[in-house]
>>> print(open('model.cif').read())   # mmCIF, C-alpha atoms and all ligand atoms
data_start
#
loop_
_atom_site.label_atom_id
_atom_site.label_comp_id
_atom_site.auth_asym_id
_atom_site.auth_seq_id
_atom_site.Cartn_x
_atom_site.Cartn_y
_atom_site.Cartn_z
CA MET S 188 188.37 98.30 -2.29
CA ASP S 189 191.23 97.14 -0.04
CA HIS S 190 192.21 96.75 3.62
CA SER S 191 193.01 100.42 4.05
CA THR S 192 189.43 101.31 3.05
CA LEU S 193 188.21 99.07 5.88
CA ASP S 194 190.70 100.64 8.31
CA GLN S 195 189.49 104.07 7.30
CA LEU S 196 185.89 102.99 7.78
CA LEU S 197 186.73 101.71 11.25
CA ASN S 198 188.56 104.92 12.18
CA GLU S 199 185.70 107.08 10.98
CA GLY S 200 183.23 104.90 12.84
CA LEU S 201 185.23 104.98 16.09
CA GLU S 202 185.61 108.75 15.79
CA ALA S 203 181.86 109.20 15.24
CA ILE S 204 181.18 106.98 18.28
CA THR S 205 183.37 109.07 20.58
CA GLN S 206 181.75 112.24 19.33
CA SER S 207 178.21 111.04 19.93
CA GLU S 208 176.77 112.86 22.90
CA SER S 209 173.40 111.16 23.03
CA LEU S 210 172.01 107.64 22.62
CA LYS S 211 170.06 108.90 19.65
CA SER S 212 173.05 110.18 17.67
CA LEU S 213 175.03 107.09 18.70
CA TYR S 214 172.34 104.89 17.19
CA ASP S 215 172.41 106.94 13.97
CA VAL S 216 176.16 106.16 13.70
CA LYS S 217 175.43 102.45 14.10
CA VAL S 218 172.86 102.54 11.32
CA LYS S 219 175.25 104.49 9.09
CA ILE S 220 178.16 102.04 9.55
CA ILE S 221 176.84 98.54 10.19
CA GLY S 222 173.14 98.96 9.31
CA LYS S 223 171.57 96.95 6.48
CA ASN S 224 172.48 99.61 3.93
CA GLY S 225 175.42 100.93 5.95
CA LEU S 226 178.95 101.58 4.75
CA LEU S 227 180.30 98.22 5.94
CA SER S 228 177.52 96.34 4.16
CA GLU S 229 178.35 98.32 1.00
CA ALA S 230 182.00 97.29 1.38
CA MET S 231 181.00 93.65 1.79
CA LYS S 232 178.94 93.81 -1.41
CA ALA S 233 181.94 95.23 -3.22
CA MET S 234 183.91 92.18 -2.05
CA GLY S 235 182.21 90.23 -4.86
CA LYS S 236 184.34 92.09 -7.37
CA LEU S 237 187.65 91.15 -5.72
CA PRO S 238 189.93 88.43 -7.17
CA LYS S 239 189.08 85.06 -5.61
CA GLU S 240 192.31 84.74 -3.60
CA GLU S 241 191.87 88.09 -1.89
CA LYS S 242 188.31 87.38 -0.70
CA PRO S 243 189.05 85.34 2.51
CA ALA S 244 191.51 87.87 3.90
CA PHE S 245 189.18 90.76 3.08
CA GLY S 246 186.23 88.95 4.65
CA LYS S 247 188.24 88.25 7.79
CA LYS S 248 189.29 91.88 8.05
CA ALA S 249 185.72 93.08 7.51
CA ASN S 250 184.57 90.88 10.40
CA GLU S 251 187.28 92.25 12.67
CA VAL S 252 186.24 95.79 11.78
CA LYS S 253 182.63 94.97 12.54
CA GLN S 254 183.51 93.43 15.90
CA ALA S 255 185.78 96.34 16.87
CA PHE S 256 183.02 98.75 15.92
CA GLU S 257 180.38 96.86 17.92
CA LYS S 258 182.62 96.69 20.98
CA ALA S 259 183.27 100.43 20.90
CA TYR S 260 179.57 101.03 20.27
CA GLU S 261 178.49 99.00 23.32
CA GLU S 262 180.97 100.71 25.61
CA ARG S 263 179.87 104.15 24.50
CA GLU S 264 176.22 103.17 24.76
CA GLU S 265 176.71 102.10 28.38
CA ALA S 266 178.61 105.31 29.19
CA LEU S 267 175.88 107.49 27.63
CA ARG S 268 173.17 105.54 29.47
CA GLN S 269 174.93 106.21 32.79
CA LYS S 270 175.40 109.87 31.88
CA GLU S 271 171.71 110.35 31.00
CA LEU S 272 170.66 108.56 34.18
CA HIS S 273 172.85 110.85 36.30
CA GLU S 274 171.52 113.93 34.57
CA ARG S 275 167.93 112.84 35.18
CA LEU S 276 168.58 112.00 38.81
CA SER S 277 170.23 115.33 39.53
CA GLU S 278 167.36 117.22 37.80
CA GLU S 279 164.79 115.35 39.86
CA GLU S 280 166.69 115.92 43.07
CA ILE S 281 164.40 116.11 46.14
CA ASP S 282 165.38 118.31 49.06
CA VAL S 283 164.21 116.21 51.96
CA THR S 284 164.97 119.04 54.40
CA LEU S 285 162.22 121.31 52.93
CA PRO S 286 159.14 121.64 55.16
CA GLY S 287 156.28 119.43 53.91
CA LYS S 288 152.75 120.48 53.03
CA THR S 289 150.68 119.97 56.18
CA GLN S 290 147.49 117.98 55.67
CA PHE S 291 144.99 118.73 58.38
CA MET S 292 142.80 115.82 59.36
CA GLY S 293 139.16 116.54 59.95
CA GLY S 294 137.87 115.80 63.42
CA ARG S 295 134.56 115.37 65.16
CA HIS S 296 132.73 118.39 66.52
CA PRO S 297 132.64 118.39 70.36
CA VAL S 298 128.83 118.18 70.23
CA GLY S 299 129.18 115.13 67.98
CA LEU S 300 131.72 113.62 70.38
CA VAL S 301 129.37 113.91 73.37
CA ILE S 302 126.46 112.48 71.35
CA GLN S 303 128.67 109.62 70.17
CA GLU S 304 129.80 108.79 73.71
CA SER S 305 126.31 109.09 75.23
CA VAL S 306 124.88 106.84 72.53
CA ALA S 307 127.68 104.30 73.05
CA ALA S 308 127.06 104.25 76.83
CA LEU S 309 123.28 103.81 76.50
CA ASN S 310 123.76 101.24 73.79
CA ARG S 311 125.68 99.10 76.26
CA LEU S 312 122.56 99.15 78.48
CA GLY S 313 120.37 98.00 75.59
CA PHE S 314 118.87 101.37 74.58
CA SER S 315 118.46 101.91 70.84
CA VAL S 316 118.39 105.22 68.95
CA GLN S 317 115.04 106.67 67.82
CA THR S 318 114.40 109.86 65.88
CA GLY S 319 111.55 112.27 65.28
CA PRO S 320 110.87 115.37 63.18
CA GLN S 321 112.34 118.76 64.10
CA ILE S 322 109.11 120.45 63.01
CA GLU S 323 106.83 118.74 65.50
CA GLU S 324 103.09 118.68 66.05
CA ASP S 325 101.88 120.52 69.13
CA TRP S 326 100.27 117.28 70.32
CA TYR S 327 103.59 115.37 70.55
CA ASN S 328 105.66 118.29 71.82
CA PHE S 329 103.21 119.39 74.54
CA GLU S 330 99.77 117.79 74.78
CA ALA S 331 100.71 114.10 74.98
CA LEU S 332 103.49 114.99 77.43
CA ASN S 333 100.83 116.37 79.77
CA ILE S 334 101.98 119.96 79.24
CA PRO S 335 98.78 121.98 79.75
CA PRO S 336 97.78 124.80 77.38
CA ASP S 337 98.68 127.47 79.92
CA HIS S 338 102.16 126.06 80.67
CA PRO S 339 104.88 128.76 80.42
CA SER S 340 106.98 126.67 77.99
CA ARG S 341 104.18 127.06 75.45
CA ASP S 342 104.64 130.82 75.53
CA MET S 343 105.66 132.43 72.24
CA GLN S 344 108.70 133.77 74.09
CA ASP S 345 110.02 130.23 74.61
CA THR S 346 108.72 128.34 71.58
CA PHE S 347 109.20 128.91 67.86
CA TYR S 348 105.76 128.37 66.32
CA VAL S 349 105.61 127.26 62.67
CA ASP S 350 101.81 127.55 62.54
CA ASP S 351 98.89 127.02 64.92
CA THR S 352 99.55 123.31 65.34
CA HIS S 353 103.30 122.97 64.61
CA VAL S 354 106.39 124.06 66.55
CA LEU S 355 110.13 123.62 66.20
CA ARG S 356 110.46 120.93 68.86
CA THR S 357 111.52 122.50 72.15
CA HIS S 358 112.94 119.24 73.51
CA THR S 359 113.59 115.62 72.49
CA SER S 360 110.79 114.37 74.79
CA PRO S 361 108.19 114.12 71.94
CA ILE S 362 110.26 111.19 70.66
CA GLN S 363 109.21 109.35 73.86
CA ILE S 364 105.61 109.64 72.65
CA ARG S 365 106.42 108.58 69.09
CA SER S 366 108.34 105.54 70.36
CA MET S 367 105.61 104.44 72.77
CA LEU S 368 102.98 104.72 70.03
CA LYS S 369 105.16 102.77 67.62
CA SER S 370 106.34 99.87 69.81
CA LYS S 371 104.72 97.87 72.56
CA PRO S 372 106.52 97.75 75.94
CA PRO S 373 108.96 96.65 77.23
CA LEU S 374 111.08 99.25 75.49
CA ARG S 375 114.36 101.03 75.93
CA ILE S 376 115.06 103.97 73.65
CA MET S 377 117.29 107.01 73.45
CA ALA S 378 116.81 110.04 71.24
CA PRO S 379 119.67 112.43 70.52
CA GLY S 380 118.67 115.45 68.47
CA SER S 381 118.49 119.14 67.67
CA VAL S 382 116.03 121.29 69.63
CA PHE S 383 114.96 124.95 69.41
CA ARG S 384 114.05 127.69 71.89
CA CYS S 385 113.73 131.48 71.76
CA ASP S 386 116.74 132.04 73.96
CA SER S 387 120.25 133.35 73.39
CA ASP S 388 123.14 134.31 75.69
CA VAL S 389 126.51 132.92 76.83
CA THR S 390 124.99 129.64 78.04
CA HIS S 391 121.81 129.49 75.89
CA SER S 392 121.57 129.01 72.16
CA PRO S 393 118.32 129.11 70.11
CA ASN S 394 119.35 125.79 68.54
CA PHE S 395 121.01 123.18 70.71
CA HIS S 396 121.01 119.42 71.27
CA GLN S 397 119.57 117.10 73.85
CA ILE S 398 119.57 113.39 74.46
CA GLU S 399 116.53 111.67 75.85
CA GLY S 400 116.31 108.27 77.49
CA LEU S 401 113.13 106.25 78.07
CA LEU S 402 112.57 102.82 79.54
CA VAL S 403 109.14 101.21 79.92
CA ASP S 404 108.87 97.87 81.71
CA ARG S 405 107.30 96.19 84.73
CA LYS S 406 108.31 97.29 88.27
CA VAL S 407 110.49 100.20 87.17
CA SER S 408 111.81 102.33 90.03
CA MET S 409 113.79 105.53 90.68
CA ALA S 410 116.70 103.24 91.63
CA HIS S 411 116.87 101.90 88.06
CA LEU S 412 116.76 105.47 86.79
CA LYS S 413 119.58 106.60 89.06
CA ALA S 414 121.76 103.60 88.18
CA THR S 415 121.27 104.30 84.46
CA ILE S 416 122.13 107.98 84.76
CA SER S 417 125.17 107.19 86.95
CA PHE S 418 126.45 104.74 84.37
CA VAL S 419 126.09 107.22 81.50
CA LEU S 420 127.79 110.05 83.41
CA LYS S 421 130.67 107.82 84.53
CA GLU S 422 131.21 106.78 80.91
CA LEU S 423 131.02 110.39 79.69
CA PHE S 424 133.39 111.88 82.24
CA ARG S 425 135.51 108.74 82.42
CA SER S 426 135.67 109.14 86.19
CA LYS S 427 133.84 107.95 89.29
CA VAL S 428 131.34 110.81 89.50
CA GLU S 429 128.52 110.73 92.08
CA VAL S 430 124.93 111.47 91.04
CA ARG S 431 122.34 113.20 93.23
CA PHE S 432 118.63 113.80 92.63
CA ARG S 433 116.84 116.96 93.73
CA PRO S 434 113.03 116.98 93.82
CA SER S 435 111.63 118.93 90.90
CA PHE S 436 108.63 119.12 88.62
CA PHE S 437 108.00 118.15 85.02
CA PRO S 438 104.44 117.59 83.75
CA PHE S 439 105.46 114.33 82.03
CA THR S 440 107.11 112.65 85.04
CA GLU S 441 105.88 111.83 88.52
CA PRO S 442 107.87 111.94 90.72
CA SER S 443 110.32 114.27 88.97
CA ALA S 444 113.88 115.17 89.78
CA GLU S 445 116.72 117.23 88.51
CA PHE S 446 120.00 115.37 88.57
CA ASP S 447 123.41 116.74 89.44
CA CYS S 448 126.79 115.15 89.12
CA SER S 449 129.75 115.62 91.47
CA CYS S 450 132.11 118.04 89.76
CA PRO S 451 134.47 115.98 87.55
CA MET S 452 137.00 118.86 87.59
CA CYS S 453 137.60 119.05 91.36
CA SER S 454 136.04 115.72 92.43
CA GLY S 455 133.48 117.63 94.48
CA LYS S 456 135.94 119.81 96.42
CA GLY S 457 134.71 123.05 94.88
CA CYS S 458 136.13 124.98 91.91
CA ARG S 459 135.25 127.60 89.29
CA VAL S 460 133.39 125.12 87.07
CA CYS S 461 131.00 124.02 89.85
CA LYS S 462 130.89 127.53 91.36
CA GLN S 463 132.44 126.15 94.58
CA THR S 464 129.43 123.89 95.22
CA GLY S 465 131.08 120.59 94.27
CA TRP S 466 128.01 119.73 92.13
CA ILE S 467 126.95 120.43 88.55
CA GLU S 468 123.36 120.43 87.29
CA ILE S 469 123.00 118.10 84.33
CA GLY S 470 119.35 117.46 83.42
CA GLY S 471 115.83 116.39 84.31
CA CYS S 472 114.33 112.98 84.94
CA GLY S 473 111.59 111.02 86.68
CA LEU S 474 109.14 108.15 86.43
CA VAL S 475 106.92 108.48 83.39
CA ASN S 476 103.63 110.11 84.42
CA PRO S 477 100.79 107.52 84.08
CA LYS S 478 98.87 110.13 82.08
CA VAL S 479 101.63 110.04 79.44
CA LEU S 480 101.53 106.23 79.31
CA GLU S 481 97.74 106.36 78.90
CA ALA S 482 98.05 108.96 76.10
CA CYS S 483 100.19 106.33 74.33
CA GLU S 484 97.64 103.57 75.02
CA ILE S 485 99.88 101.79 77.52
CA ASP S 486 98.19 100.33 80.59
CA SER S 487 99.78 102.25 83.47
CA LYS S 488 98.69 99.59 86.00
CA GLU S 489 100.80 97.01 84.25
CA TRP S 490 103.69 99.14 83.01
CA GLN S 491 105.91 101.84 84.49
CA GLY S 492 108.69 103.82 82.95
CA PHE S 493 111.53 106.17 83.67
CA ALA S 494 112.77 109.00 81.49
CA PHE S 495 115.59 111.48 81.52
CA GLY S 496 117.02 114.19 79.31
CA PHE S 497 120.02 116.46 79.26
CA GLY S 498 121.62 119.12 77.08
CA ILE S 499 124.55 118.03 74.93
CA GLU S 500 126.19 121.46 74.64
CA ARG S 501 126.00 121.91 78.39
CA MET S 502 127.62 118.52 78.84
CA ALA S 503 130.37 119.38 76.33
CA MET S 504 131.00 122.71 78.08
CA ILE S 505 131.56 120.90 81.37
CA LYS S 506 133.56 118.03 79.89
CA TYR S 507 135.92 120.23 77.87
CA GLY S 508 135.87 123.41 80.01
CA ILE S 509 134.21 125.63 77.34
CA GLY S 510 132.95 128.98 78.64
CA ASP S 511 130.76 130.23 75.79
CA ILE S 512 128.07 128.16 74.04
CA ARG S 513 128.35 130.29 70.89
CA LEU S 514 131.78 128.76 70.12
CA PHE S 515 130.02 125.56 69.01
CA ASN S 516 128.44 127.29 66.03
CA GLU S 517 131.21 129.63 64.90
CA ASN S 518 133.20 127.03 62.92
CA ASP S 519 136.47 128.57 64.11
CA LEU S 520 139.14 126.02 63.21
CA ARG S 521 141.34 127.15 66.13
CA PHE S 522 138.54 126.00 68.42
CA LEU S 523 137.55 122.86 66.50
CA ARG S 524 141.11 121.54 66.02
CA GLN S 525 141.48 121.14 69.76
CA PHE S 526 139.10 118.17 69.60
CA GLN S 527 140.99 116.26 66.92
CA LYS S 528 142.11 112.90 68.11
N1 LIG J 601 112.40 117.78 78.31
C1 LIG J 601 112.99 118.43 79.47
C2 LIG J 601 113.56 119.77 79.07
O1 LIG J 601 113.81 119.99 77.94
C3 LIG J 601 114.07 117.58 80.06
C4 LIG J 601 113.54 116.34 80.68
C5 LIG J 601 113.11 116.35 81.97
C6 LIG J 601 113.47 115.19 79.95
C7 LIG J 601 112.59 115.23 82.59
C8 LIG J 601 112.96 114.05 80.52
C9 LIG J 601 112.51 114.08 81.84
O2 LIG J 601 112.85 112.91 79.88
O3 LIG J 601 112.02 112.96 82.41
O4 LIG J 601 113.78 120.59 79.91
#
>>> encode(input="model.cif", output="structure tokens", more="lines below")
Ligand code: DAH
Amino acid sequence: MDHSTLDQLLNEGLEAITQSESLKSLYDVKVKIIGKNGLLSEAMKAMGKLPKEEKPAFGKKANEVKQAFEKAYEEREEALRQKELHERLSEEEIDVTLPGKTQFMGGRHPVGLVIQESVAALNRLGFSVQTGPQIEEDWYNFEALNIPPDHPSRDMQDTFYVDDTHVLRTHTSPIQIRSMLKSKPPLRIMAPGSVFRCDSDVTHSPNFHQIEGLLVDRKVSMAHLKATISFVLKELFRSKVEVRFRPSFFPFTEPSAEFDCSCPMCSGKGCRVCKQTGWIEIGGCGLVNPKVLEACEIDSKEWQGFAFGFGIERMAMIKYGIGDIRLFNENDLRFLRQFQK
């Protein structure tokens, strides 16, 4: 064991370091040379057999070899680390110019949008939402609303009968009855919901939606009714539409009216939407017939009410310029996406 053995060990070690191509093999070299049982440790053990005077010089040399080896090791380790990092980065390269995967956001259905906006408008006037069953008893759907047994709307051609005493509700008006039986006046309710009629063409669907409004209080007049309807329609069309009443007839209101709104498309000048009349028919309304109040055990001498109802699909068709009611139920994404916000 002499100095040249140490030099040789260093040379071999340095050579092995330069040849290492990975951190793993580099570490193996370290273990082999300066590890606990490595070649340098072996050489140090052999130092014990050297004559006393040679020991210090040999020890010094061995330390120098170790330091030189460690320095070379650290440099190579850093170089390999950089190399591996670069390789990984270039493998994981992201081409930011590639087109991304489009995520389509869901949106509300136009019928849902009109319901949402009508409910919000009526809510601001203190009306709260009430519901009722879609399979309704004849009594609520017709009888209590003063619709006599021979009324045409009771005809099998207009109404889906479930059995002798149950129908698929033909309007949301039975919810008026349910609300008046449930709560004492004064009351202010609205009832959006699904309704059913034996009818189908471009503007009629067998299943559509209506929203009903009902207010019962003291000294209620047609003026209150008109102001309420005007407010809701202004909110819905987001424009200063005019409202007009035309005398009409409904068994559950007296007096009754149909209400029109000045065409929001042409501001009443006349266009395709309003068929050049400047007006669009929206729904029915009136003061609650005293007979209906009495059927709900409300004293009609003390209390009056107003009620109104309109079709949601019809409203959406006007608001969004939709020509065919069947589009609402086809689930065609090209149609539905146009309502995404
Ligand atoms: N229920 C009626 C229909 O479906 C609409 C209606 C008219 C509702 C007058 C009302 C009303 O509340 O007062 O044709």
>>> residues_near_ligand(input="model.cif", ligand="ligand LIG 601 (chain J)", cutoff="10 Å", atoms="only C-alpha atoms and all ligand atoms", output="PyMOL selection string")
chain S and resi 328+332+340+356-363+377-378+382-384+396-401+412+435-446+469-476+492-498
>>> residues_around(input="model.cif", residues="Asp404 (chain S)", least_positions_apart="2", cutoff="6 Å", atoms="only C-alpha atoms", output="list in words")
Pro373, Trp490 and Gln491 of chain S
>>> residues_around(input="model.cif", residues="Phe245 (chain S)", least_positions_apart="3", cutoff="10 Å", atoms="only C-alpha atoms", output="NGL selection string")
:S and (188-190 or 193 or 230-231 or 234 or 237 or 240-242 or 248-251)
>>> atom_distance(input="model.cif", atom1="CA of Leu213 (chain S)", atom2="CA of Ser191 (chain S)")
24.1 Å
>>> closest_residue(input="model.cif", among="S:Glu500, S:Glu280, S:Asp447, S:Glu261", to="Phe395 (chain S)", atoms="all atoms listed in the file")
S:Glu500
>>> atom_distance(input="model.cif", atom1="CA of Leu267 (chain S)", atom2="CA of Gly200 (chain S)")
16.7 Å
